[in-house]
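S.K.: What follows is a structure written as structure tokens; I'll ask about it next.
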There are 2 protein chains.
Amino acid sequence: MPKITAHDLAKKQKEISVAEFFERNKHILGFGNQTRALITSVKEGVDNGLDACEEASILPEIYVEIKNHEDSECKIIIEDNGPGVIKKQIPHIFGRLLYGSRFHAIRQSRGQQGIGISAVVLYGQLTTGKHAMITSKVEEDRPAFITELAIDTNKNRADVISRDTEHWEKPSGTRVQVSIVADFKRGKKYVYDYLQSTSIVNPHAQITYKEPDGTVHIFERTSENLPRKAVEIKPHPYGVELGTLIKMAKYTKARQLNSFLKTEFSSMGDRTTNAAIEKAGLEKNINPKEMTRDQFLALHKAFNKVKIMAPSTDCLSPIGETLIKRSLKHETQEISPEFIITASRPANVYSGNPFQIEVGLVYGGSLPKEEPVKILRFANRVPLLYQQGGCVITSAISSIDWRRYGLTQPSGKGVPTGPAIFLAHVSSTQIPFTSESKEAISDVSEIENEVKLAFRECARKVQQHIHKKVRRVKTREKFDLITRILPEIAKKSAHMLDKPVPSLDPIITKIMDVVWIEDLIEYEKVDREPVQTTLVEEGVEKPKEGVITKSKIIVVNYKRQPQKFNLYALIPQDAVVGTATPKPAKITDNYIKWSLDTIQPANKVDVVFELAGLEKGDFDENDLYVENINPTFVIGADKWEGD
Amino acid sequence: MPKITAHDLAKKQKEISVAEFFERNKHILGFGNQTRALITSVKEGVDNGLDACEEASILPEIYVEIKNHEDSECKIIIEDNGPGVIKKQIPHIFGRLLYGSRFHAIRQSRGQQGIGISAVVLYGQLTTGKHAMITSKVEEDRPAFITELAIDTNKNRADVISRDTEHWEKPSGTRVQVSIVADFKRGKKYVYDYLQSTSIVNPHAQITYKEPDGTVHIFERTSENLPRKAVEIKPHPYGVELGTLIKMAKYTKARQLNSFLKTEFSSMGDRTTNAAIEKAGLEKNINPKEMTRDQFLALHKAFNKVKIMAPSTDCLSPIGETLIKRSLKHETQEISPEFIITASRPANVYSGNPFQIEVGLVYGGSLPKEEPVKILRFANRVPLLYQQGGCVITSAISSIDWRRYGLTQPSGKGVPTGPAIFLAHVSSTQIPFTSESKEAISDVSEIENEVKLAFRECARKVQQHIHKKVRRVKTREKFDLITRILPEIAKKSAHMLDKPVPSLDPIITKIMDVVWIEDLIEYEKVDREPVQTTLVEEGVEKPKEGVITKSKIIVVNYKRQPQKFNLYALIPQDAVVGTATPKPAKITDNYIKWSLDTIQPANKVDVVFELAGLEKGDFDENDLYVENINPTFVIGADKWEGD
């Protein structure tokens, strides 16, 4: 065999276009098999639609249709009512990989890579040889453009095959039609599940889904409020890589170091900027373009020596505990679980990227006892359906010893077995997905840690909950006994002695020696006000049924002394407090506080409050705390530890 | 807030360079944290070196050095003795992502993406701001070139910072020096493990590793033979995507459909080509460039209706059962496991890509009983260290019910717990990695299935092994009893009757009524012949110690009739058979067959054979089979089921 030299090898060296790369590695984009390809296509289309609507502050109305032809060919149609895409950009956005608007913006969004939707077009072309059709309308009084396009994978550029216009009734929007090879029979359940989960964590979106056999599912909008818009922020100096710093300096318009730092980074005010420059031993007014690597290195090190405010979390848009609870309720409708607990962590930062963790936990009921717990994962409000084993959420859960919480787990490691469902949501300006298919989150230690902390908090709440329940049951037994037997004895004794039956309250009080707090929650239906949004067609009213959640708390003093203390009731952040009696001492986003007047022995006080803005069942248990009283003598509330 | 329109959004739309994309998503490339970054850098460098050497049929000599500076900065030096890279190609290969020679070639290689080594350069630049230094020598009598380079991430092109030449003693080779931010303290163990595992499955490679403190580890070459070179093949019609077919037709030089099919695909001879064209209802001589989508669709469908030979497996280079066993032995040196079992599947195809599965299993000894089994994963001879949970190997193992094999596994699913190590190697012309970091294999159903089949085969062998052992132990007890007690009785009886002690063999035979086969394996050290390779410097001999494996099989006829049958001994494929007595009837790659002459009752025959080319312990147990005799009367061998 002749010897192979470097020159021989050089002849084979070639550029690989990114489209060609992904055409070959389609599994990396989530098109590994025909089931997954179906779900990925729907997911990318819907994510795109939701992002577009939210960017333009439009309440999303998404339409998904799947047509199933012979030979496992599916035509997928996804339509949104977003702002549309201008004609010139269509070939780029839909016919080029790595092209988009969200990659360079630091704020929470579903799509960040500029790959998703063009990957669907690429996969369609690869498997069916058919072109994609993009319809887009950007202005109300103009027609919609239709673009038929293919991707030239050798160049990673779109080939526009044809162009046309048509009348479209929507004021604006985008419709993507792609034919792909996919397995609808197997994928059917997953598409439905994905859309359902998406609708639950995006209650402001209306999703209509038409299956190949004509069945239409409508996932109704349950909130008329767009989630808080994630604000674009600048990179934070903590966690910025040295190389990125150098590159930013190369492209900045600032001519002096201090203005460079102040304009290109977040949290850099005058004082912090000067402190960093001083710590680095540099001059304020040097030109960042002329700095040496060593100077950048000094500056980079100085960042971590100066106290810089955490990045603003305006760029994040978490789901919120109420929605998480609702999502879990939905999952467990027929299971009647023992309890649902949620926890949410404050925002944190990894490599300069803000992120936040929210979790939830369902336990008991008819959930299977012999199977690994079900894990529901979400990232930036998108459900993650695959690659559970390779996700940081799973590894964080696996690293907690769940045995003490009644779950089975050999050697205290791994996904526990038992009747529970775990949910975790990661929101971030940049979710570190393990691959372009966005199915699993990479094992970034900061994220892993926060997920662990959140689940530990949940677990603690579970213990508290059980503890409180056990204590209340025990006391209730005692209470029942006393209130049932004592009057009998009193009656009998009175009868025998031929004296009037004495009042027993003081005696009961003596024996019980507690403050007893009980509560009751009721829902009252109300007609919602018609809401004016871009979605409500003119003149058409959309009255919807809403509920008012009424919470009634009964406080009985079974102690021998009069009692005077503060009572706190936790409330969901997104609820609106209505009537509350007695008049609260304080109402915050998270709780209502009452300073209760002196309650005489054997007397009671009713505390009532109403919450609006919730669905039935969102708030189904009071979380009560007391202050200025020894909590060991209180049944039904815990010690207030402060906000 | 002013309304945001499609025109506003269009302004933000931008191309994302692939380098910029990966700079942001460095975790996708395996640089998610500082420990992983270290291992990935070493891995990419070593993989590259091994591929280059093998491509040029040079026995690899790899040098790895890590220097650890302050601030967790590491300088990584990786050197090979491959053919080198010509000057012009250096900026492309090391300074551009998605550029390489192996992407377009269908054959097994470690690197396939054209990303790995330039990703290391990119990561180095990002984290330390320093440039990479590439030294390369392509011809023996020329100096080496040194290129200092950076990557312009906005353009995904190399910036050559400086060029130089130097004298280098090697005849040819490449040296890569990159400074990266990495955690040597944490990564130390993993780098060592990775190099050790690499050396075990690449016994033809010599790897020298110098740690920051000066410690040098040499992983010696244990085989002077390069693995069978993987041959480049053409795509196979089964599994080729419709879109790929259309694209191939667009770029082919063939002007007629039949020559297009014959020249651009593998396994397409005249007959198959004509059959496919006929089934598609097409004409042989139409120009492939002028075909319509429907014609391509017909052709694509026709492929699957015609019987086409499987693709040749020359393009694959599996590890081999001996090396797998050796690798597992190495892992379990101090554990003295009960047994090591291997299994290897025939090659198979997914989406037109040939692949092959080999697995191994170690059981028992002092392996921990309370922990999940250890899983060792390899892809194209590269150990996979991360993302175990997201790998098809893990999901295949998890889907087998291991409880019947003495392992713990709640509900028969998930990674089992118990004293075992599992190993799996996937070799393929294209490993479907879940991401560019090449840490886990995607859940391609064909691969999952083959991994399952391989482990099931292993499990069956485990059961056979246990069964054989139990049976032999039982018979030995009987045998011991007879041979110990009968002579005593005979002696005593003879003494009492004053008669000579009778010969007991016929009686033992009568009671035993079996053919008893026992075996013994010994190793004899020999001096190896000096081997001439490109690596042996002229005039320097490299005598090494080798071993000859001697297997002695004793066959005793404890039946009442004379016995005549065939005996088969399995041998490892890569062993060379030396002396064998009696003269074998047949020797193949897999077994030796003897037609044993009639053995009279109570007589025995010694069967002896020698194997060369193995290390001590590679062959440590005979696997014996018999033919033309009722196997239920044979202890120590099973029924021969044919090749």
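So you can find residues: chains in the structure tokens are A, B, ... in the order shown, residues in each start at 1, and ligands are numbered from 1 in order.
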What residues in chain A have any atom no more than 6 Å from chain B when counting only C-alpha atoms, and can you write them as a ChimeraX atom specification?
M.R.: /A:4-6,12-16,28,56,83-85,98-101,125-127,129,138,241-243,387,389-390,434-435
S.K.: Using DSSP secondary structure from the backbone, list all strand (DSSP E or B) positions within stretch 189-344 of chain A, as a PyMOL selection string.
M.R.: chain A and resi 206-210+216-219+233+339-344
S.K.: Provide the atom CA of A:His495 to atom CA of A:Thr483 distance in Å, to one decimal place.
M.R.: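 Interatomic distance here is 18.4 Å.
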S.K.: Residues at most 9 Å from A:Ile340, counting only C-alpha atoms, excluding those fewer than 6 positions away in the same chain, as a list in words?
M.R.: Lys325, Leu328, Lys329, Gly360, Leu361, Val362, Tyr363 and Val462 of chain A
S.K.: Would you kindly return, as a list in words, each protein, DNA or RNA residue with an atom no farther than 8 Å from any atom of B:Asn48, considering only C-alpha atoms and excluding same-chain residues fewer than 5 positions away?
M.R.: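 My list of contacting residues is Arg110, Gly111 and Ile117 of chain B.
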S.K.: Identify, on the basis of only C-alpha atoms, every residue whose closest approach to B:Pro237 does not exceed 9 Å; exclude the query and any residue fewer than 3 positions from it along the same chain; express the result as a PyMOL selection string.
M.R.: chain B and resi 240-241+245+261+265-268+300+303-304+308+352
S.K.: Would you write out those residues with N, CA and C atoms, as a PDB file, in the first residue's frame?
M.R.:
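Written out: again-v3.pdb:
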```pdb
ATOM      1  N   VAL B 240     -30.904   5.798   2.837  1.00  0.00           N
ATOM      2  CA  VAL B 240     -30.561   7.117   2.309  1.00  0.00           C
ATOM      3  C   VAL B 240     -31.863   7.926   2.266  1.00  0.00           C
ATOM      4  N   GLU B 241     -31.795   9.183   2.719  1.00  0.00           N
ATOM      5  CA  GLU B 241     -33.000  10.006   2.740  1.00  0.00           C
ATOM      6  C   GLU B 241     -33.332  10.471   1.325  1.00  0.00           C
ATOM      7  N   LEU B 245     -30.810  11.770  -1.685  1.00  0.00           N
ATOM      8  CA  LEU B 245     -30.799  11.172  -3.023  1.00  0.00           C
ATOM      9  C   LEU B 245     -30.900  12.278  -4.081  1.00  0.00           C
ATOM     10  N   LEU B 261     -26.419   5.333 -10.076  1.00  0.00           N
ATOM     11  CA  LEU B 261     -26.644   4.386  -8.971  1.00  0.00           C
ATOM     12  C   LEU B 261     -25.419   3.497  -8.748  1.00  0.00           C
ATOM     13  N   PHE B 265     -23.321   4.683  -5.110  1.00  0.00           N
ATOM     14  CA  PHE B 265     -23.823   3.910  -3.969  1.00  0.00           C
ATOM     15  C   PHE B 265     -23.026   2.625  -3.794  1.00  0.00           C
ATOM     16  N   SER B 266     -23.024   2.109  -2.589  1.00  0.00           N
ATOM     17  CA  SER B 266     -22.395   0.816  -2.376  1.00  0.00           C
ATOM     18  C   SER B 266     -23.429  -0.279  -2.577  1.00  0.00           C
ATOM     19  N   SER B 267     -22.945  -1.481  -2.826  1.00  0.00           N
ATOM     20  CA  SER B 267     -23.790  -2.674  -3.009  1.00  0.00           C
ATOM     21  C   SER B 267     -24.694  -2.610  -4.244  1.00  0.00           C
ATOM     22  N   MET B 268     -24.421  -1.688  -5.181  1.00  0.00           N
ATOM     23  CA  MET B 268     -25.265  -1.599  -6.365  1.00  0.00           C
ATOM     24  C   MET B 268     -24.528  -2.143  -7.591  1.00  0.00           C
ATOM     25  N   HIS B 300     -36.762   6.006  -4.671  1.00  0.00           N
ATOM     26  CA  HIS B 300     -36.503   5.857  -3.231  1.00  0.00           C
ATOM     27  C   HIS B 300     -37.332   4.703  -2.663  1.00  0.00           C
ATOM     28  N   PHE B 303     -35.982   1.248  -3.836  1.00  0.00           N
ATOM     29  CA  PHE B 303     -34.813   0.739  -3.094  1.00  0.00           C
ATOM     30  C   PHE B 303     -35.244  -0.283  -2.049  1.00  0.00           C
ATOM     31  N   ASN B 304     -36.351   0.052  -1.374  1.00  0.00           N
ATOM     32  CA  ASN B 304     -36.763  -0.812  -0.275  1.00  0.00           C
ATOM     33  C   ASN B 304     -37.555  -2.032  -0.727  1.00  0.00           C
ATOM     34  N   ILE B 308     -31.069  -5.649  -1.605  1.00  0.00           N
ATOM     35  CA  ILE B 308     -29.730  -5.103  -1.836  1.00  0.00           C
ATOM     36  C   ILE B 308     -28.795  -5.651  -0.759  1.00  0.00           C
ATOM     37  N   GLY B 352     -28.816   3.688   6.771  1.00  0.00           N
ATOM     38  CA  GLY B 352     -27.747   3.502   5.783  1.00  0.00           C
ATOM     39  C   GLY B 352     -26.345   3.481   6.360  1.00  0.00           C
TER      40      GLY B 352
END
```
S.K.: Would you mind reading off the distance between atom CA of B:Glu448 and atom CA of B:Thr429, one decimal, in Å?
M.R.: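 Value for the atom CA of B:Glu448-atom CA of B:Thr429 distance: 16.6 Å.
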S.K.: Given the choices B:Ile393, B:Ile635, B:Ile521, B:Ile341, which gets closest to B:Arg476 if the distance is worked out from only C-alpha atoms?
M.R.: B:Ile635
S.K.: Which residue gives the smallest distance to A:Gly364 among A:Glu610, A:Asp574, A:Glu334, A:Asp270, with only C-alpha atoms counted?
M.R.: A:Glu334
S.K.: How far is it from atom CA of B:Leu611 to atom CA of B:Val577, in Å with one decimal?
M.R.: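 Rounded to one decimal, the two atoms are 4.7 Å apart.
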S.K.: Of the candidates A:Ala459, A:Ser197, A:Leu257, A:Gly365, which one gets nearest to A:Ile400 if we count only C-alpha atoms?
M.R.: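 Smallest separation from A:Ile400 among the options: A:Ala459.
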S.K.: I'd like to know which residues of stretch 79-142 of chain A are alpha helix (DSSP H) (by DSSP, run on the backbone); could you write them as a ChimeraX atom specification?
M.R.: /A:90-95,116-128
S.K.: Which of these, B:Glu321, B:Arg484, B:Ala424, B:Glu615, has the shortest distance to B:Asn590 once you count only C-alpha atoms?
M.R.: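 Once distances to B:Asn590 are computed over only C-alpha atoms, the minimum belongs to B:Glu321.
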